[in-house]
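Q: Below is the file run_16.txt, which contains compact mmCIF, C-alpha atoms and all ligand atoms.
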```
# COMPACT_ATOMS: atom_id res chain seq x y z
CA MET A 88 9.92 22.06 -27.16
CA PRO A 89 7.70 22.44 -24.06
CA LEU A 90 7.76 19.91 -21.24
CA VAL A 91 6.08 16.72 -22.43
CA SER A 92 3.83 14.23 -20.67
CA LEU A 93 5.23 11.08 -19.12
CA ARG A 94 2.49 9.09 -20.82
CA GLN A 95 3.74 9.99 -24.29
CA VAL A 96 7.36 9.19 -23.39
CA LEU A 97 6.37 5.81 -21.92
CA ASP A 98 4.04 4.94 -24.81
CA GLU A 99 6.97 5.54 -27.16
CA ALA A 100 9.28 3.49 -24.93
CA ALA A 101 6.80 0.61 -25.02
CA LYS A 102 6.66 0.79 -28.82
CA GLY A 103 10.45 0.77 -28.97
CA GLY A 104 10.86 -1.88 -26.24
CA TYR A 105 13.15 0.23 -24.06
CA GLY A 106 13.13 1.75 -20.56
CA VAL A 107 13.57 5.37 -19.50
CA GLY A 108 15.49 6.41 -16.38
CA ALA A 109 13.71 8.84 -14.06
CA PHE A 110 16.41 10.82 -12.29
CA ASN A 111 15.81 12.84 -9.13
CA VAL A 112 16.97 16.44 -8.87
CA ASN A 113 17.25 19.11 -6.21
CA ASN A 114 19.33 21.80 -7.89
CA MET A 115 20.69 23.31 -11.09
CA GLU A 116 23.80 21.15 -11.36
CA GLN A 117 21.77 17.93 -11.28
CA ILE A 118 19.40 19.18 -13.98
CA GLN A 119 22.39 20.20 -16.11
CA ALA A 120 24.06 16.83 -15.59
CA ILE A 121 20.97 14.98 -16.82
CA MET A 122 20.38 17.26 -19.81
CA GLU A 123 24.02 16.97 -20.88
CA ALA A 124 23.85 13.18 -20.57
CA ALA A 125 20.65 13.23 -22.64
CA ARG A 126 22.23 15.36 -25.36
CA GLU A 127 25.30 13.16 -25.49
CA THR A 128 23.24 9.95 -25.73
CA LYS A 129 20.29 11.47 -27.65
CA SER A 130 17.85 10.31 -24.98
CA PRO A 131 14.37 11.39 -23.90
CA VAL A 132 14.43 12.54 -20.29
CA ILE A 133 12.38 12.11 -17.13
CA ILE A 134 13.39 14.47 -14.35
CA GLN A 135 11.63 14.04 -11.03
CA ALA A 136 11.38 16.03 -7.84
CA SER A 137 10.35 14.59 -4.50
CA ARG A 138 8.50 16.56 -1.84
CA GLY A 139 11.86 17.00 -0.13
CA ALA A 140 13.36 18.38 -3.34
CA ARG A 141 10.47 20.81 -3.80
CA SER A 142 10.90 22.08 -0.30
CA TYR A 143 14.73 22.24 -0.46
CA SER A 144 14.79 24.15 -3.73
CA GLN A 145 11.61 26.19 -3.28
CA ASP A 146 9.92 24.48 -6.20
CA ARG A 147 9.39 27.59 -8.31
CA PHE A 148 13.16 27.76 -8.70
CA LEU A 149 13.18 24.14 -9.82
CA TYR A 150 10.31 24.70 -12.22
CA HIS A 151 12.02 27.64 -13.90
CA LEU A 152 15.28 25.70 -14.16
CA MET A 153 13.27 23.04 -15.99
CA LEU A 154 11.89 25.65 -18.37
CA ALA A 155 15.49 26.74 -19.00
CA ALA A 156 16.33 23.11 -19.75
CA THR A 157 13.61 22.94 -22.42
CA GLU A 158 14.91 26.17 -23.98
CA LEU A 159 18.53 25.07 -23.99
CA TYR A 160 17.90 21.46 -25.06
CA PRO A 161 14.97 21.85 -27.48
CA GLU A 162 15.73 18.55 -29.19
CA ILE A 163 15.16 16.51 -25.99
CA PRO A 164 11.63 15.43 -24.96
CA THR A 165 11.67 16.27 -21.24
CA VAL A 166 9.16 15.28 -18.56
CA LEU A 167 8.86 16.99 -15.17
CA HIS A 168 7.46 14.44 -12.73
CA LEU A 169 6.46 14.60 -9.06
CA ASP A 170 8.08 11.68 -7.21
CA HIS A 171 6.11 10.09 -4.33
CA GLY A 172 3.28 12.59 -3.97
CA ASN A 173 1.84 11.79 -0.52
CA SER A 174 -1.68 13.15 -1.01
CA PRO A 175 -4.05 14.42 -3.70
CA GLU A 176 -3.32 17.97 -2.46
CA THR A 177 0.42 17.58 -3.03
CA CYS A 178 -0.25 16.22 -6.52
CA GLN A 179 -2.62 19.09 -7.26
CA SER A 180 0.00 21.66 -6.28
CA ALA A 181 2.45 20.08 -8.73
CA ILE A 182 -0.17 20.02 -11.50
CA ASP A 183 -0.93 23.69 -10.82
CA MET A 184 2.76 24.54 -11.06
CA GLY A 185 3.22 22.88 -14.45
CA PHE A 186 4.54 19.41 -13.70
CA THR A 187 3.59 17.18 -16.64
CA SER A 188 3.34 14.04 -14.53
CA VAL A 189 2.63 13.17 -10.90
CA MET A 190 3.01 10.13 -8.73
CA MET A 191 0.23 9.60 -6.21
CA ASP A 192 1.86 7.20 -3.81
CA GLY A 193 -1.24 5.95 -2.06
CA SER A 194 0.49 2.76 -1.00
CA LEU A 195 1.39 4.77 2.09
CA LEU A 196 -0.71 7.13 4.18
CA PRO A 197 0.01 10.87 3.86
CA ASP A 198 2.74 10.51 6.52
CA GLY A 199 4.75 8.77 3.78
CA LYS A 200 5.56 5.87 6.11
CA THR A 201 2.53 3.84 7.11
CA PRO A 202 1.23 1.24 4.64
CA SER A 203 -2.35 2.18 3.68
CA SER A 204 -5.41 0.10 2.83
CA PHE A 205 -6.23 -0.89 -0.74
CA GLU A 206 -9.43 1.17 -0.54
CA TYR A 207 -7.57 4.30 0.55
CA ASN A 208 -5.05 3.84 -2.26
CA VAL A 209 -7.76 3.45 -4.91
CA GLU A 210 -9.67 6.49 -3.71
CA ALA A 211 -6.66 8.81 -3.49
CA THR A 212 -5.22 7.67 -6.82
CA ARG A 213 -8.50 7.85 -8.65
CA LYS A 214 -9.05 11.38 -7.39
CA VAL A 215 -5.65 12.41 -8.75
CA VAL A 216 -6.30 10.66 -12.08
CA GLU A 217 -9.47 12.69 -12.54
CA ALA A 218 -7.78 16.01 -11.83
CA ALA A 219 -4.58 15.23 -13.73
CA HIS A 220 -6.11 13.76 -16.86
CA ALA A 221 -8.38 16.79 -17.23
CA LYS A 222 -5.15 18.76 -17.72
CA GLY A 223 -3.38 16.12 -19.83
CA VAL A 224 -1.03 15.31 -16.95
CA THR A 225 0.13 11.71 -16.43
CA VAL A 226 -0.42 9.72 -13.22
CA GLU A 227 1.80 7.06 -11.70
CA GLY A 228 0.36 5.02 -8.83
CA GLU A 229 1.90 2.40 -6.58
CA ILE A 230 0.58 -0.89 -5.29
CA GLY A 231 2.57 -2.81 -2.71
CA CYS A 232 5.23 -1.09 -0.60
CA LEU A 233 8.89 -0.62 -1.28
CA GLY A 234 11.46 -1.83 1.18
CA GLY A 235 10.78 -5.25 2.58
CA ILE A 236 12.97 -8.31 2.04
CA GLU A 237 15.82 -6.88 4.06
CA ASP A 238 14.25 -4.26 6.26
CA GLY A 239 10.83 -5.88 6.82
CA HIS A 240 9.27 -2.42 6.44
CA GLY A 241 9.40 -1.91 10.17
CA SER A 242 6.82 -4.63 10.60
CA GLY A 243 9.15 -7.26 11.94
CA GLY A 244 8.01 -9.47 9.05
CA SER A 245 9.97 -10.85 6.14
CA GLY A 246 8.94 -7.91 3.99
CA LEU A 247 7.46 -10.28 1.44
CA GLU A 248 3.97 -9.39 2.61
CA HIS A 249 4.43 -5.90 1.14
CA LEU A 250 5.30 -7.09 -2.34
CA THR A 251 2.76 -6.36 -5.06
CA ASP A 252 -0.02 -8.90 -5.35
CA PRO A 253 -0.82 -9.46 -9.06
CA ASP A 254 -4.60 -9.77 -8.46
CA GLN A 255 -4.63 -6.47 -6.57
CA ALA A 256 -2.55 -4.85 -9.29
CA VAL A 257 -5.16 -5.76 -11.91
CA GLU A 258 -7.99 -4.48 -9.74
CA PHE A 259 -6.09 -1.30 -8.90
CA VAL A 260 -5.40 -0.41 -12.52
CA LYS A 261 -9.01 -1.05 -13.48
CA ALA A 262 -10.36 1.02 -10.59
CA THR A 263 -8.05 4.01 -11.01
CA GLY A 264 -7.38 4.41 -14.74
CA LEU A 265 -3.76 5.38 -14.05
CA ASP A 266 -1.02 5.55 -16.68
CA ALA A 267 1.93 3.89 -14.96
CA LEU A 268 2.13 1.44 -12.10
CA ALA A 269 4.97 1.24 -9.58
CA ILE A 270 5.29 -2.26 -8.17
CA ALA A 271 7.17 -3.65 -5.19
CA ILE A 272 9.40 -6.59 -6.02
CA GLY A 273 11.97 -6.26 -3.25
CA THR A 274 13.90 -3.09 -4.03
CA SER A 275 14.18 -0.29 -1.49
CA HIS A 276 15.28 3.34 -1.55
CA GLY A 277 18.76 4.52 -0.66
CA ALA A 278 22.24 3.05 -0.68
CA TYR A 279 21.64 0.13 1.70
CA LYS A 280 19.50 -2.25 -0.32
CA PHE A 281 21.27 -5.58 0.11
CA SER A 282 23.97 -6.65 2.55
CA SER A 283 25.40 -9.22 0.14
CA LYS A 284 25.64 -9.45 -3.61
CA PRO A 285 22.12 -10.10 -4.95
CA THR A 286 21.58 -13.38 -6.75
CA GLY A 287 18.96 -14.03 -9.44
CA GLU A 288 16.59 -14.96 -6.57
CA THR A 289 16.93 -11.77 -4.53
CA LEU A 290 14.49 -9.63 -6.48
CA LYS A 291 11.13 -11.20 -7.13
CA MET A 292 11.30 -10.90 -10.91
CA GLU A 293 8.78 -13.70 -11.40
CA ARG A 294 6.20 -11.42 -9.78
CA LEU A 295 7.02 -8.66 -12.18
CA ILE A 296 6.71 -11.05 -15.12
CA GLU A 297 3.36 -12.28 -13.81
CA ILE A 298 2.06 -8.71 -13.40
CA HIS A 299 3.18 -7.82 -16.92
CA LYS A 300 1.42 -10.91 -18.30
CA ARG A 301 -1.78 -9.87 -16.56
CA LEU A 302 -1.44 -6.18 -17.51
CA PRO A 303 0.45 -6.14 -20.81
CA GLY A 304 -0.71 -2.61 -21.72
CA VAL A 305 0.35 -0.97 -18.44
CA HIS A 306 3.68 0.81 -18.07
CA LEU A 307 5.48 -0.64 -15.04
CA VAL A 308 7.78 1.42 -12.84
CA MET A 309 10.71 0.18 -10.78
CA HIS A 310 11.59 2.36 -7.79
CA GLY A 311 14.73 1.96 -5.72
CA SER A 312 16.66 1.02 -8.84
CA SER A 313 20.10 2.44 -8.17
CA SER A 314 22.86 -0.08 -8.72
CA VAL A 315 25.09 1.47 -6.02
CA PRO A 316 28.25 0.78 -8.06
CA GLN A 317 31.31 -0.38 -6.16
CA ASP A 318 33.57 2.11 -7.96
CA LEU A 319 31.48 5.06 -6.76
CA GLN A 320 31.46 3.65 -3.21
CA ASP A 321 35.24 3.26 -3.40
CA ILE A 322 35.81 6.88 -4.40
CA ILE A 323 33.76 8.11 -1.45
CA ASN A 324 35.57 5.83 1.01
CA LYS A 325 39.01 6.56 -0.46
CA TYR A 326 38.56 10.26 0.23
CA GLY A 327 37.37 10.08 3.82
CA GLY A 328 33.83 8.69 3.46
CA LYS A 329 32.48 5.90 5.62
CA LEU A 330 29.98 3.94 3.56
CA LYS A 331 29.31 0.47 4.89
CA PRO A 332 29.54 -2.47 2.46
CA THR A 333 26.40 -2.56 0.34
CA TRP A 334 24.89 -3.78 -2.91
CA GLY A 335 22.26 -2.28 -5.20
CA VAL A 336 20.06 -3.53 -8.02
CA PRO A 337 22.06 -5.26 -10.76
CA VAL A 338 21.59 -3.55 -14.14
CA GLU A 339 20.88 -6.97 -15.72
CA GLU A 340 17.83 -7.35 -13.47
CA ILE A 341 16.56 -3.97 -14.62
CA GLN A 342 17.14 -5.03 -18.22
CA LEU A 343 15.14 -8.20 -17.57
CA GLY A 344 12.40 -5.95 -16.17
CA ILE A 345 12.50 -3.80 -19.31
CA LYS A 346 11.91 -6.92 -21.40
CA ASN A 347 8.84 -7.49 -19.24
CA GLY A 348 7.02 -4.16 -19.27
CA VAL A 349 9.19 -1.90 -17.08
CA ARG A 350 9.29 1.51 -18.78
CA LYS A 351 10.31 3.91 -15.99
CA ILE A 352 13.30 3.23 -13.75
CA ASN A 353 13.83 5.49 -10.74
CA VAL A 354 17.41 6.42 -9.90
CA ASP A 355 18.54 8.88 -7.26
CA THR A 356 21.16 7.23 -5.06
CA ASP A 357 23.66 6.58 -7.89
CA SER A 358 23.66 10.30 -8.71
CA ARG A 359 24.14 11.18 -5.04
CA LEU A 360 27.08 8.80 -4.77
CA ALA A 361 28.71 10.20 -7.92
CA ILE A 362 28.36 13.78 -6.72
CA THR A 363 29.59 13.09 -3.20
CA GLY A 364 32.64 11.14 -4.40
CA ALA A 365 33.69 13.91 -6.78
CA ILE A 366 33.33 16.60 -4.11
CA ARG A 367 35.21 14.56 -1.50
CA LYS A 368 38.06 14.04 -3.98
CA VAL A 369 38.49 17.79 -4.54
CA PHE A 370 38.28 18.52 -0.82
CA PHE A 371 40.88 15.85 -0.11
CA GLU A 372 43.30 16.66 -2.91
CA LYS A 373 42.97 20.45 -2.87
CA PRO A 374 42.18 21.53 0.67
CA GLU A 375 43.15 25.07 -0.25
CA GLU A 376 40.22 25.38 -2.70
CA PHE A 377 37.17 27.36 -1.68
CA ASP A 378 35.53 28.30 -4.97
CA PRO A 379 32.35 26.15 -5.11
CA ARG A 380 32.82 25.77 -8.86
CA SER A 381 36.04 23.86 -8.24
CA TYR A 382 34.03 20.97 -6.75
CA LEU A 383 30.57 21.45 -8.27
CA LYS A 384 31.93 21.13 -11.82
CA PRO A 385 33.52 17.71 -11.25
CA ALA A 386 30.43 16.71 -9.27
CA ARG A 387 28.20 17.62 -12.21
CA GLU A 388 30.50 15.76 -14.58
CA ALA A 389 30.49 12.64 -12.38
CA MET A 390 26.69 12.62 -12.25
CA LYS A 391 26.48 13.14 -16.02
CA LYS A 392 28.70 10.10 -16.50
CA VAL A 393 26.59 7.74 -14.42
CA VAL A 394 23.33 9.07 -15.90
CA ALA A 395 24.62 8.69 -19.49
CA LEU A 396 25.66 5.12 -18.70
CA ARG A 397 22.21 4.29 -17.33
CA MET A 398 20.51 5.91 -20.35
CA THR A 399 22.52 3.60 -22.58
CA GLN A 400 21.89 0.54 -20.41
CA PHE A 401 18.13 1.21 -20.21
CA GLY A 402 17.95 1.52 -24.01
CA GLN A 403 16.58 5.07 -24.23
CA ALA A 404 19.74 6.33 -25.95
CA GLY A 405 19.19 7.31 -29.56
CA HIS A 406 15.41 7.80 -29.15
CA ALA A 407 15.19 11.55 -28.44
CA SER A 408 14.05 12.49 -31.92
CA ASP A 409 11.78 9.53 -32.70
CA TYR A 410 8.63 11.56 -32.15
CA GLN A 411 7.07 15.01 -31.97
CA PRO A 412 5.76 16.15 -28.57
CA LEU A 413 2.00 16.06 -28.02
CA SER A 414 0.61 19.05 -26.14
CA LEU A 415 -1.04 18.52 -22.76
CA LYS A 416 -4.26 19.72 -24.41
CA THR A 417 -4.04 16.86 -26.92
CA MET A 418 -3.35 14.44 -24.05
CA ALA A 419 -6.38 15.79 -22.15
CA ASP A 420 -8.61 15.39 -25.22
CA THR A 421 -7.40 11.80 -25.64
CA TYR A 422 -8.20 10.98 -22.00
CA ALA A 423 -11.61 12.64 -22.31
CA ALA A 424 -12.44 10.40 -25.27
CA GLN A 425 -11.61 7.25 -23.29
CA PRO A 426 -14.06 5.37 -21.06
CA VAL A 427 -13.78 6.30 -17.39
CA ALA A 428 -12.26 3.69 -15.02
CA VAL A 429 -14.66 1.66 -12.88
O1 LIG A 501 12.07 8.44 -3.15
C1 LIG A 501 13.20 8.70 -2.86
C2 LIG A 501 14.04 9.63 -3.67
O2 LIG A 501 15.36 9.16 -3.64
C3 LIG A 501 13.93 11.05 -3.18
O3 LIG A 501 14.55 11.18 -1.94
O4 LIG A 501 12.87 12.28 -0.47
O5 LIG A 501 15.33 12.36 0.03
O6 LIG A 501 14.38 13.69 -1.86
P1 LIG A 501 14.25 12.46 -0.99
P1 LIG A 502 17.25 4.83 -5.38
O1 LIG A 502 17.41 5.24 -3.95
O2 LIG A 502 17.55 3.38 -5.58
O3 LIG A 502 18.05 5.68 -6.31
O4 LIG A 502 15.71 4.99 -5.77
C1 LIG A 502 15.18 6.24 -6.11
C2 LIG A 502 13.70 6.23 -6.21
O5 LIG A 502 13.04 5.20 -6.25
C3 LIG A 502 13.03 7.53 -6.26
O6 LIG A 502 11.64 7.44 -6.27
ZN ZN A 503 10.78 5.84 -5.17
```
Would you write out, as structure tokens, the structure that this file holds?
Ligand code: G3H
Ligand code: 13P
Ligand code: ZN
A:
Amino acid sequence: MPLVSLRQVLDEAAKGGYGVGAFNVNNMEQIQAIMEAARETKSPVIIQASRGARSYSQDRFLYHLMLAATELYPEIPTVLHLDHGNSPETCQSAIDMGFTSVMMDGSLLPDGKTPSSFEYNVEATRKVVEAAHAKGVTVEGEIGCLGGIEDGHGSGGSGLEHLTDPDQAVEFVKATGLDALAIAIGTSHGAYKFSSKPTGETLKMERLIEIHKRLPGVHLVMHGSSSVPQDLQDIINKYGGKLKPTWGVPVEEIQLGIKNGVRKINVDTDSRLAITGAIRKVFFEKPEEFDPRSYLKPAREAMKKVVALRMTQFGQAGHASDYQPLSLKTMADTYAAQPVAV
């Protein structure tokens, strides 16, 4: 089947009451790891590429690898999503290439660092919604900024000021007409999220629950959702790595989110940890090896394992063949028939 829209996959997830992991990729082995995990667990798939990934891989390579994935795994509904698009132009280039979903991250200015104004965010996101929906492509937006709590987002503050405000979330959705909303509840990107084991109070789940109550029909997205498992940290450190003690997002918190409207869960760091640990192990145990396949194969296998586990934990396992893919043309016609956002 062709690449499918994120909107369809998330609508189905909402009907079924489950979440879908969105896994970042940069190369062939990562795409293969995810597709194998999906086949094993019979899961729909969201694969996402950041701007960095598009530049690293030369995105046409990545796009054609994704087409290969749809040919080789025809039974798996597969979305190709742009992660953290920094401007309408970046989103447009992904739409033109054939991505079936884009994130316009207007919570930050195009430098990808500086928190933006609400007005800027609405304008940029709405512009992308217009262009994307005309092609049947899905749009994820973000309100509130990731990070915070522990790193204060460089502002010297507590970080709490960058969490999503429920009133603004309602206004933002109404003004943009987006399909999925990323919210900030205290997670951050990367391996160093929390310097001690998170308690039930660490993430601001009550905010998420409040936003879901106010916007029950909107698909919520959790970024920075790697769990940074201790066993993967241990493998890296056992074979010469130097990760500092760190904690990620507990899977139970994500599952609580899924019960409260979270449909897309972004995971990159866990895959990176799995890959790095497996490669370090081969380098350590077999220093005479120099065939890249000798370490890329175990790396791919290690990533597949963690992705398959997450697919099961998020509840998407078993749902790959629940539905037939809708074409982007059908999606575009559906959007065209809907009232425009105000
Ligand atoms: O948003 C963060 C993702 O983990 C992608 O990271 O920008 O290093 O590719 P990246
Ligand atoms: P992690 O760094 O927690 O894997 O988050 C990835 C992410 O949010 C990508 O957009
Ligand atoms: Zn993110």
Q: Here is a test: counting all atoms listed in the file, which residue of A:Arg213, A:His299, A:His310, A:Lys291 is nearest to Ser275 in chain A?
A: A:His310
Q: How would you report the residues lying within 10 Å of ligand LIG 501 (chain A), as JSON, numbers by chain, if you count all atoms listed in the file?
A: {"A": [110, 111, 112, 113, 135, 136, 137, 138, 139, 140, 141, 142, 143, 170, 171, 172, 199, 233, 275, 276, 277, 278, 310, 311, 312, 313, 353, 354, 355, 356, 357, 358, 359]}
Q: Set the distance at 8 Å and use all atoms listed in the file: which residues neighbour range 259-274 of chain A once local chain neighbours fewer than 2 positions away are removed? I'd like the list as a PyMOL selection string.
A: chain A and resi 94+209-210+212-213+216+225-236+247+249-251+255-257+276+280+289-292+294-295+305-312+336+427-429
Q: For the residues selected in the previous step, produce a file with C-alpha atoms as a PDB file, in the coordinates of the input.
A:
```
ATOM      1  CA  ARG A  94       2.490   9.090 -20.820  1.00  0.00           C
ATOM      2  CA  VAL A 209      -7.760   3.450  -4.910  1.00  0.00           C
ATOM      3  CA  GLU A 210      -9.670   6.490  -3.710  1.00  0.00           C
ATOM      4  CA  THR A 212      -5.220   7.670  -6.820  1.00  0.00           C
ATOM      5  CA  ARG A 213      -8.500   7.850  -8.650  1.00  0.00           C
ATOM      6  CA  VAL A 216      -6.300  10.660 -12.080  1.00  0.00           C
ATOM      7  CA  THR A 225       0.130  11.710 -16.430  1.00  0.00           C
ATOM      8  CA  VAL A 226      -0.420   9.720 -13.220  1.00  0.00           C
ATOM      9  CA  GLU A 227       1.800   7.060 -11.700  1.00  0.00           C
ATOM     10  CA  GLY A 228       0.360   5.020  -8.830  1.00  0.00           C
ATOM     11  CA  GLU A 229       1.900   2.400  -6.580  1.00  0.00           C
ATOM     12  CA  ILE A 230       0.580  -0.890  -5.290  1.00  0.00           C
ATOM     13  CA  GLY A 231       2.570  -2.810  -2.710  1.00  0.00           C
ATOM     14  CA  CYS A 232       5.230  -1.090  -0.600  1.00  0.00           C
ATOM     15  CA  LEU A 233       8.890  -0.620  -1.280  1.00  0.00           C
ATOM     16  CA  GLY A 234      11.460  -1.830   1.180  1.00  0.00           C
ATOM     17  CA  GLY A 235      10.780  -5.250   2.580  1.00  0.00           C
ATOM     18  CA  ILE A 236      12.970  -8.310   2.040  1.00  0.00           C
ATOM     19  CA  LEU A 247       7.460 -10.280   1.440  1.00  0.00           C
ATOM     20  CA  HIS A 249       4.430  -5.900   1.140  1.00  0.00           C
ATOM     21  CA  LEU A 250       5.300  -7.090  -2.340  1.00  0.00           C
ATOM     22  CA  THR A 251       2.760  -6.360  -5.060  1.00  0.00           C
ATOM     23  CA  GLN A 255      -4.630  -6.470  -6.570  1.00  0.00           C
ATOM     24  CA  ALA A 256      -2.550  -4.850  -9.290  1.00  0.00           C
ATOM     25  CA  VAL A 257      -5.160  -5.760 -11.910  1.00  0.00           C
ATOM     26  CA  HIS A 276      15.280   3.340  -1.550  1.00  0.00           C
ATOM     27  CA  LYS A 280      19.500  -2.250  -0.320  1.00  0.00           C
ATOM     28  CA  THR A 289      16.930 -11.770  -4.530  1.00  0.00           C
ATOM     29  CA  LEU A 290      14.490  -9.630  -6.480  1.00  0.00           C
ATOM     30  CA  LYS A 291      11.130 -11.200  -7.130  1.00  0.00           C
ATOM     31  CA  MET A 292      11.300 -10.900 -10.910  1.00  0.00           C
ATOM     32  CA  ARG A 294       6.200 -11.420  -9.780  1.00  0.00           C
ATOM     33  CA  LEU A 295       7.020  -8.660 -12.180  1.00  0.00           C
ATOM     34  CA  VAL A 305       0.350  -0.970 -18.440  1.00  0.00           C
ATOM     35  CA  HIS A 306       3.680   0.810 -18.070  1.00  0.00           C
ATOM     36  CA  LEU A 307       5.480  -0.640 -15.040  1.00  0.00           C
ATOM     37  CA  VAL A 308       7.780   1.420 -12.840  1.00  0.00           C
ATOM     38  CA  MET A 309      10.710   0.180 -10.780  1.00  0.00           C
ATOM     39  CA  HIS A 310      11.590   2.360  -7.790  1.00  0.00           C
ATOM     40  CA  GLY A 311      14.730   1.960  -5.720  1.00  0.00           C
ATOM     41  CA  SER A 312      16.660   1.020  -8.840  1.00  0.00           C
ATOM     42  CA  VAL A 336      20.060  -3.530  -8.020  1.00  0.00           C
ATOM     43  CA  VAL A 427     -13.780   6.300 -17.390  1.00  0.00           C
ATOM     44  CA  ALA A 428     -12.260   3.690 -15.020  1.00  0.00           C
ATOM     45  CA  VAL A 429     -14.660   1.660 -12.880  1.00  0.00           C
TER      46      VAL A 429
END
```
Q: I'd like the interatomic distance between CA of Pro412 in chain A and CA of Ser130 in chain A, to a tenth of an Å.
A: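 That distance, rounded to one decimal, is 13.9 Å.
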Q: Which range 276-312 of chain A residues have any atom within 6 Å of an atom of range 317-333 of chain A, and for each, what is the nearest pair of atoms with distance in Å to one decimal, counting only C-alpha atoms, rows sorted by chain and number, as JSON lines?
A:
```
{"residue": "A:Tyr279", "atom": "CA", "partner": "A:Thr333", "partner_atom": "CA", "distance": 5.6}
{"residue": "A:Phe281", "atom": "CA", "partner": "A:Thr333", "partner_atom": "CA", "distance": 6.0}
{"residue": "A:Ser282", "atom": "CA", "partner": "A:Thr333", "partner_atom": "CA", "distance": 5.2}
```
Q: Closest to Ala407 in chain A among A:Val394, A:Ile362, A:Leu90, A:Ala125, using only C-alpha atoms?
A: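 Distance minimum relative to Ala407 in chain A lands on A:Ala125.
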Q: Of the candidates A:Leu97, A:Met418, A:Ala181, A:Leu195, which shows the shortest atom-to-atom distance to ligand ZN 503 (chain A), using all atoms listed in the file?
A: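 Counting all atoms listed in the file, the residue closest to ligand ZN 503 (chain A) is A:Leu195.
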Q: Do a neighbour search on Pro175 in chain A at 9 Å with only C-alpha atoms, toss out local chain neighbours closer than 4 positions, and write the hits as a compact mmCIF listing (two decimals) with C-alpha atoms, in the coordinates of the input.
A:
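Output file around.txt follows:
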```
# COMPACT_ATOMS: atom_id res chain seq x y z
CA GLN A 179 -2.62 19.09 -7.26
CA SER A 180 0.00 21.66 -6.28
CA MET A 191 0.23 9.60 -6.21
CA ALA A 211 -6.66 8.81 -3.49
CA THR A 212 -5.22 7.67 -6.82
CA LYS A 214 -9.05 11.38 -7.39
CA VAL A 215 -5.65 12.41 -8.75
```
Q: For CA of Gly185 in chain A and CA of Met398 in chain A, determine how far apart the two atoms are, in Å to one decimal place.
A: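 Atom-to-atom, CA of Gly185 in chain A to CA of Met398 in chain A, that is 24.9 Å.
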